[in-house]
Amino acid sequence: MCLAVPGKILRVIGDDPLSRAAQVSFGGLLKVVNLACVPEARPGDYVIVHVGVAISTLDENEANRVFHCLEQLESAAHSQHEDPKL
């Protein structure tokens with residue numbers, strides 16, 4: 001199974017189309033991500049990232065929906081660990 005997660009571009013690094021990268025925030029965790037597949041991405045944009053590569057952009061509303069779903073999954077996982085029947 002593969003998972004791609006949204007992050008917000010804070011700053012872009014470099015101009016070369018193949019090595020252009022960005023500092024991306026994933027809920028406060030900062031990572032450098034390759035932007036070769038999303039040449040239109042700019043600071044303030046949200047991108048979907050898979051294994052260190054931004055594979056698409058998305059709008060802020062959609063990013064927030066994904067963040068909400070991930071929070072629900074985390075909450076459900078914590079609830080299962082607290083259930084003595086499990």
# chains A, B, ... in the order shown; residues from 1 in each chain; ligands from 1
$ residues_around --residues "region 50-61 of chain A" --least-positions-apart "2" --cutoff "9 Å" --atoms "only C-alpha atoms" --output "list in words"
Cys2, Leu3, Ala4, Val5, Pro6, Lys8, Ala21, Lys31, Val32, Val33, Asn34, Leu35, Ala36, Cys37, Val38, Glu40, Ala41, Asp45, Tyr46, Val47, Ile48, Ala63, Asn64, Arg65 and Val66 of chain A
$ write_last_selection --atoms "C-alpha atoms" --output "mmCIF file, in the first residue's frame"
data_model
loop_
_atom_site.group_PDB
_atom_site.id
_atom_site.type_symbol
_atom_site.label_atom_id
_atom_site.label_comp_id
_atom_site.auth_asym_id
_atom_site.auth_seq_id
_atom_site.Cartn_x
_atom_site.Cartn_y
_atom_site.Cartn_z
ATOM 1 C CA CYS A 2 1.235 3.497 -0.832
ATOM 2 C CA LEU A 3 0.446 6.676 1.005
ATOM 3 C CA ALA A 4 0.834 10.250 -0.176
ATOM 4 C CA VAL A 5 0.249 13.118 2.241
ATOM 5 C CA PRO A 6 -0.392 16.837 1.823
ATOM 6 C CA LYS A 8 2.363 23.256 2.561
ATOM 7 C CA ALA A 21 12.863 21.487 -4.418
ATOM 8 C CA LYS A 31 11.046 18.201 4.948
ATOM 9 C CA VAL A 32 12.745 19.021 1.650
ATOM 10 C CA VAL A 33 10.679 17.716 -1.265
ATOM 11 C CA ASN A 34 11.447 17.453 -4.988
ATOM 12 C CA LEU A 35 9.148 19.591 -7.186
ATOM 13 C CA ALA A 36 10.056 18.204 -10.632
ATOM 14 C CA CYS A 37 6.520 16.834 -11.176
ATOM 15 C CA VAL A 38 4.791 20.080 -10.168
ATOM 16 C CA GLU A 40 3.725 25.293 -11.177
ATOM 17 C CA ALA A 41 4.021 24.913 -7.372
ATOM 18 C CA ASP A 45 0.647 26.059 -2.248
ATOM 19 C CA TYR A 46 -0.303 22.639 -0.921
ATOM 20 C CA VAL A 47 1.188 19.566 -2.567
ATOM 21 C CA ILE A 48 0.620 15.832 -2.282
ATOM 22 C CA ALA A 63 -5.746 19.747 2.101
ATOM 23 C CA ASN A 64 -7.716 20.589 5.248
ATOM 24 C CA ARG A 65 -10.187 17.781 4.492
ATOM 25 C CA VAL A 66 -7.291 15.314 4.254
#
$ select_by_dssp --residues "region 11-75 of chain A" --states "strand (DSSP E)" --output "PyMOL selection string"
chain A and resi 11-13+21-26+29-34+46-50+53-58
$ atom_distance --atom1 "CA of Arg42 (chain A)" --atom2 "CA of Glu71 (chain A)"
26.1 Å
$ closest_residue --among "A:Gly44, A:Glu74, A:Pro39, A:Gln80" --to "Val24 (chain A)" --atoms "only C-alpha atoms"
A:Gly44
